[in-house]
Amino acid sequence: MTDTTAHPPQIDADGSTPSRLRLSGSWTLDYAGQIGTALGDAPAGVATIDASGVERLDSVGVLQLLRFARRNNLDFDVLTFHESHQALVSAIEDVADDRPRKKREYGVSAALERLGRAVHNNWHEALALVGFLGETQIKLLRMFKEPSRFRPTATVHHMEQVGLDAVPLVALLCFLVGAVVAFLGANILRDFGAEIFVVELVNISFLREFAVLLTAIVLAGRTASAFTAQIGAMVSREEVDAIRTLGMDPIDLLVIPRMLALLVMLPMLTFIAMIFGLLGGLTVGAYSLDIPPQQYLTRMHETIELRHFLVGLAKAPVFALLISLIGCLEGLQVEGTAQSVGERTTSSVVQSISMVIILDAFFAIWFMEMGV
């Protein structure tokens, strides 16, 4: 409803300075049509506009004056507003700024600046991950003291999504990689008349490295992204804020069930990956290398060592903890927009795969130095 005490917008030319316009009345949504008419009838050759006499002003009036200034090639600074209107005008001017963005700078100094910012951001990401690890472990210990906080249904649900649904992909991938490793190794060893050593090559490579590494990479791309997208969507819909408002802890409800599910299922998937990798080598040995299955299995039984199996399996819980923490942390860091969800999902996949490969290299060197 229009306020009866307000006056319609008016534009008057300054008597002493014809190029100066004086505004008065109410420049609000109620008078949007009259504002357009008044500005359309304004005289040409305007240099400055005095809006300090405006009684009431809202975003509609400011935007109309902003468009009028642009049409007449005037800088918005030529408009003078009352002190009580300055905050509104400044806010709208910042939002409506259509100046082109600053071009990307090139050169050594600009590259060093971008490198420094990237290192600074990565350092903060590492600190956030360490802090999130500590917070999660503390609340996991609290769950042992207060078993009512445990969410068995959610944990089993995530175990199905993380583990059972990934079995066909992991099995097929490791079977094919095992076959490729056996085939390539046989081509090299054939020159030395030592094709039978393909058995040791496949056994050691899959038990120690390939099985756990391939499984972790698959889950880093498949599961970490799912965790980030799921939690990030909840953050953008303010469901996480609603959980906190209800007095519940998002770590107990969202993070710990996913972390426990991955801690249980990644070692199991690693074991399955080992079996199918060995089967891939056995298949190539039987059909391409003229090594009968009985001879292949006998050689495997004679040369296989338990320590290789334990080394590979020992890495699985570490990778599972890392993947789950990165996926959940990136989801909780979503800022509420669809673009942020996509950026955080991409970041979680890149970080998870990178950290898995780095840690696997560290483990390989450490176990080699320890003679394991």
# chains A, B, ... in the order shown; residues from 1 in each chain; ligands from 1

$ select_by_dssp --residues "stretch 24-203 of chain A" --states "strand (DSSP E or B)" --output "PyMOL selection string"
chain A and resi 24-27+48-51+54-57+79-81

$ write_last_selection --atoms "N, CA and C atoms" --output "PDB file, in the first residue's frame"
ATOM      1  N   SER A  24      13.754  15.116  -5.454  1.00  0.00           N
ATOM      2  CA  SER A  24      12.981  15.199  -4.216  1.00  0.00           C
ATOM      3  C   SER A  24      11.870  14.159  -4.271  1.00  0.00           C
ATOM      4  N   GLY A  25      11.145  14.010  -3.178  1.00  0.00           N
ATOM      5  CA  GLY A  25      10.063  13.044  -3.120  1.00  0.00           C
ATOM      6  C   GLY A  25      10.547  11.667  -2.692  1.00  0.00           C
ATOM      7  N   SER A  26       9.716  10.662  -2.967  1.00  0.00           N
ATOM      8  CA  SER A  26      10.008   9.270  -2.587  1.00  0.00           C
ATOM      9  C   SER A  26      10.377   8.474  -3.822  1.00  0.00           C
ATOM     10  N   TRP A  27      11.600   7.969  -3.840  1.00  0.00           N
ATOM     11  CA  TRP A  27      12.087   7.156  -4.948  1.00  0.00           C
ATOM     12  C   TRP A  27      12.098   5.698  -4.486  1.00  0.00           C
ATOM     13  N   THR A  48      25.649  16.947 -13.014  1.00  0.00           N
ATOM     14  CA  THR A  48      25.600  16.469 -11.628  1.00  0.00           C
ATOM     15  C   THR A  48      24.151  16.303 -11.207  1.00  0.00           C
ATOM     16  N   ILE A  49      23.948  15.450 -10.231  1.00  0.00           N
ATOM     17  CA  ILE A  49      22.603  15.182  -9.710  1.00  0.00           C
ATOM     18  C   ILE A  49      22.671  15.250  -8.192  1.00  0.00           C
ATOM     19  N   ASP A  50      21.818  16.058  -7.614  1.00  0.00           N
ATOM     20  CA  ASP A  50      21.754  16.205  -6.162  1.00  0.00           C
ATOM     21  C   ASP A  50      20.530  15.450  -5.655  1.00  0.00           C
ATOM     22  N   ALA A  51      20.766  14.322  -5.006  1.00  0.00           N
ATOM     23  CA  ALA A  51      19.675  13.505  -4.474  1.00  0.00           C
ATOM     24  C   ALA A  51      19.600  13.596  -2.954  1.00  0.00           C
ATOM     25  N   VAL A  54      16.007  13.738  -1.388  1.00  0.00           N
ATOM     26  CA  VAL A  54      15.075  12.606  -1.516  1.00  0.00           C
ATOM     27  C   VAL A  54      14.619  12.186  -0.120  1.00  0.00           C
ATOM     28  N   GLU A  55      13.295  12.063   0.023  1.00  0.00           N
ATOM     29  CA  GLU A  55      12.751  11.698   1.328  1.00  0.00           C
ATOM     30  C   GLU A  55      12.973  10.222   1.644  1.00  0.00           C
ATOM     31  N   ARG A  56      12.606   9.371   0.695  1.00  0.00           N
ATOM     32  CA  ARG A  56      12.723   7.927   0.884  1.00  0.00           C
ATOM     33  C   ARG A  56      13.363   7.315  -0.353  1.00  0.00           C
ATOM     34  N   LEU A  57      14.200   6.312  -0.111  1.00  0.00           N
ATOM     35  CA  LEU A  57      14.953   5.699  -1.197  1.00  0.00           C
ATOM     36  C   LEU A  57      15.088   4.206  -0.924  1.00  0.00           C
ATOM     37  N   LEU A  79      26.433  11.687  -8.453  1.00  0.00           N
ATOM     38  CA  LEU A  79      25.202  11.722  -7.672  1.00  0.00           C
ATOM     39  C   LEU A  79      25.552  11.934  -6.202  1.00  0.00           C
ATOM     40  N   THR A  80      24.843  12.832  -5.566  1.00  0.00           N
ATOM     41  CA  THR A  80      25.033  13.126  -4.149  1.00  0.00           C
ATOM     42  C   THR A  80      23.790  12.685  -3.396  1.00  0.00           C
ATOM     43  N   PHE A  81      23.984  11.839  -2.371  1.00  0.00           N
ATOM     44  CA  PHE A  81      22.867  11.299  -1.614  1.00  0.00           C
ATOM     45  C   PHE A  81      22.940  11.779  -0.171  1.00  0.00           C
TER      46      PHE A  81
END

$ closest_residue --among "A:Leu66, A:Ile196, A:Val349, A:Ile357" --to "A:Arg299" --atoms "only C-alpha atoms"
A:Ile196

$ closest_residue --among "A:Tyr106, A:Tyr296, A:Phe175, A:Trp366" --to "A:Leu279" --atoms "only C-alpha atoms"
A:Phe175

$ atom_distance --atom1 "atom CA of A:Met159" --atom2 "atom CA of A:Met355"
22.5 Å

$ residues_around --residues "A:Gln64" --least-positions-apart "4" --cutoff "8 Å" --atoms "only C-alpha atoms" --output "number ranges by chain"
A: 35-36, 60, 68

$ write_last_selection --atoms "all heavy atoms" --output "short mmCIF file (atom, residue, chain, number, x, y, z; two decimals), in the first residue's frame"
data_model
loop_
_atom_site.label_atom_id
_atom_site.label_comp_id
_atom_site.auth_asym_id
_atom_site.auth_seq_id
_atom_site.Cartn_x
_atom_site.Cartn_y
_atom_site.Cartn_z
N ILE A 35 8.97 7.13 -11.43
CA ILE A 35 10.41 7.35 -11.48
C ILE A 35 10.92 7.24 -12.91
O ILE A 35 11.70 8.08 -13.39
CB ILE A 35 11.14 6.33 -10.57
CG1 ILE A 35 10.83 6.61 -9.10
CG2 ILE A 35 12.65 6.38 -10.80
CD1 ILE A 35 11.38 5.57 -8.15
N GLY A 36 10.46 6.22 -13.64
CA GLY A 36 10.87 6.07 -15.01
C GLY A 36 10.44 7.22 -15.89
O GLY A 36 11.20 7.69 -16.74
N VAL A 60 15.04 0.07 -5.77
CA VAL A 60 14.49 0.40 -7.08
C VAL A 60 14.94 1.79 -7.52
O VAL A 60 15.37 2.01 -8.66
CB VAL A 60 12.94 0.31 -7.06
CG1 VAL A 60 12.36 0.82 -8.37
CG2 VAL A 60 12.50 -1.12 -6.81
N PHE A 68 20.17 5.46 -15.35
CA PHE A 68 20.12 6.79 -15.95
C PHE A 68 21.54 7.34 -16.12
O PHE A 68 21.87 7.94 -17.16
CB PHE A 68 19.28 7.73 -15.07
CG PHE A 68 19.24 9.14 -15.55
CD1 PHE A 68 18.44 9.51 -16.61
CD2 PHE A 68 20.04 10.12 -14.94
CE1 PHE A 68 18.40 10.83 -17.07
CE2 PHE A 68 20.02 11.43 -15.39
CZ PHE A 68 19.19 11.79 -16.45
#

$ closest_residue --among "A:Lys315, A:Arg222, A:His7, A:Arg190" --to "A:Val170" --atoms "only C-alpha atoms"
A:Arg222

$ select_by_dssp --residues "stretch 207-282 of chain A" --states "alpha helix (DSSP H)" --output "VMD selection string"
chain A and resid 211 to 219 225 to 236 239 to 245 250 256 to 282

$ atom_distance --atom1 "atom CA of A:Leu112" --atom2 "atom CA of A:Phe362"
28.7 Å

$ atom_distance --atom1 "atom CA of A:Leu269" --atom2 "atom CA of A:Leu172"
12.0 Å

$ closest_residue --among "A:Val372, A:Ile256, A:Leu329, A:Ala166" --to "A:Leu310" --atoms "only C-alpha atoms"
A:Val372

$ residues_around --residues "A:Ala126" --least-positions-apart "5" --cutoff "12 Å" --atoms "only C-alpha atoms" --output "MDAnalysis selection string"
chainID A and resid 119:121 131:133 322 325:326 329:330 351 355

$ write_last_selection --atoms "C-alpha atoms" --output "short mmCIF file (atom, residue, chain, number, x, y, z; two decimals), in the first residue's frame"
data_model
loop_
_atom_site.label_atom_id
_atom_site.label_comp_id
_atom_site.auth_asym_id
_atom_site.auth_seq_id
_atom_site.Cartn_x
_atom_site.Cartn_y
_atom_site.Cartn_z
CA VAL A 119 51.07 -23.48 -0.99
CA HIS A 120 49.34 -21.42 1.69
CA ASN A 121 45.94 -22.91 0.83
CA GLY A 131 42.37 -31.25 13.09
CA PHE A 132 39.42 -33.14 11.60
CA LEU A 133 41.24 -36.43 12.24
CA LEU A 322 42.39 -41.11 4.71
CA LEU A 325 38.20 -38.19 6.23
CA ILE A 326 39.00 -36.25 3.06
CA LEU A 329 35.77 -32.92 5.38
CA GLU A 330 35.39 -31.56 1.86
CA GLN A 351 43.35 -35.10 -2.78
CA MET A 355 47.52 -38.87 -0.88
#

$ residues_around --residues "stretch 223-226 of chain A" --least-positions-apart "5" --cutoff "7 Å" --atoms "only C-alpha atoms" --output "VMD selection string"
chain A and resid 162 323 to 324 327 345 348 to 349

$ write_last_selection --atoms "N, CA, C and O atoms" --output "PDB file, in the first residue's frame"
ATOM      1  N   VAL A 162      29.568 -48.789  -0.139  1.00  0.00           N
ATOM      2  CA  VAL A 162      31.018 -48.698  -0.313  1.00  0.00           C
ATOM      3  C   VAL A 162      31.616 -50.028  -0.749  1.00  0.00           C
ATOM      4  O   VAL A 162      32.486 -50.065  -1.636  1.00  0.00           O
ATOM      5  N   ILE A 323      40.788 -41.706   2.975  1.00  0.00           N
ATOM      6  CA  ILE A 323      39.754 -41.428   1.970  1.00  0.00           C
ATOM      7  C   ILE A 323      38.476 -40.944   2.631  1.00  0.00           C
ATOM      8  O   ILE A 323      37.856 -39.969   2.178  1.00  0.00           O
ATOM      9  N   SER A 324      38.063 -41.592   3.704  1.00  0.00           N
ATOM     10  CA  SER A 324      36.813 -41.199   4.367  1.00  0.00           C
ATOM     11  C   SER A 324      36.922 -39.811   4.984  1.00  0.00           C
ATOM     12  O   SER A 324      35.986 -39.008   4.895  1.00  0.00           O
ATOM     13  N   GLY A 327      36.922 -37.133   2.134  1.00  0.00           N
ATOM     14  CA  GLY A 327      35.605 -37.008   1.524  1.00  0.00           C
ATOM     15  C   GLY A 327      34.621 -36.293   2.424  1.00  0.00           C
ATOM     16  O   GLY A 327      33.878 -35.400   1.977  1.00  0.00           O
ATOM     17  N   THR A 345      33.837 -31.591  -4.532  1.00  0.00           N
ATOM     18  CA  THR A 345      33.844 -32.988  -4.974  1.00  0.00           C
ATOM     19  C   THR A 345      35.097 -33.288  -5.789  1.00  0.00           C
ATOM     20  O   THR A 345      35.763 -34.318  -5.590  1.00  0.00           O
ATOM     21  N   SER A 348      38.093 -33.375  -3.430  1.00  0.00           N
ATOM     22  CA  SER A 348      38.193 -34.586  -2.606  1.00  0.00           C
ATOM     23  C   SER A 348      38.771 -35.746  -3.403  1.00  0.00           C
ATOM     24  O   SER A 348      39.596 -36.519  -2.884  1.00  0.00           O
ATOM     25  N   VAL A 349      38.370 -35.880  -4.676  1.00  0.00           N
ATOM     26  CA  VAL A 349      38.899 -36.971  -5.499  1.00  0.00           C
ATOM     27  C   VAL A 349      40.393 -36.774  -5.745  1.00  0.00           C
ATOM     28  O   VAL A 349      41.202 -37.706  -5.604  1.00  0.00           O
TER      29      VAL A 349
END

$ closest_residue --among "A:Ala69, A:Ile11, A:Phe192, A:Arg20" --to "A:Ala42" --atoms "only C-alpha atoms"
A:Ile11
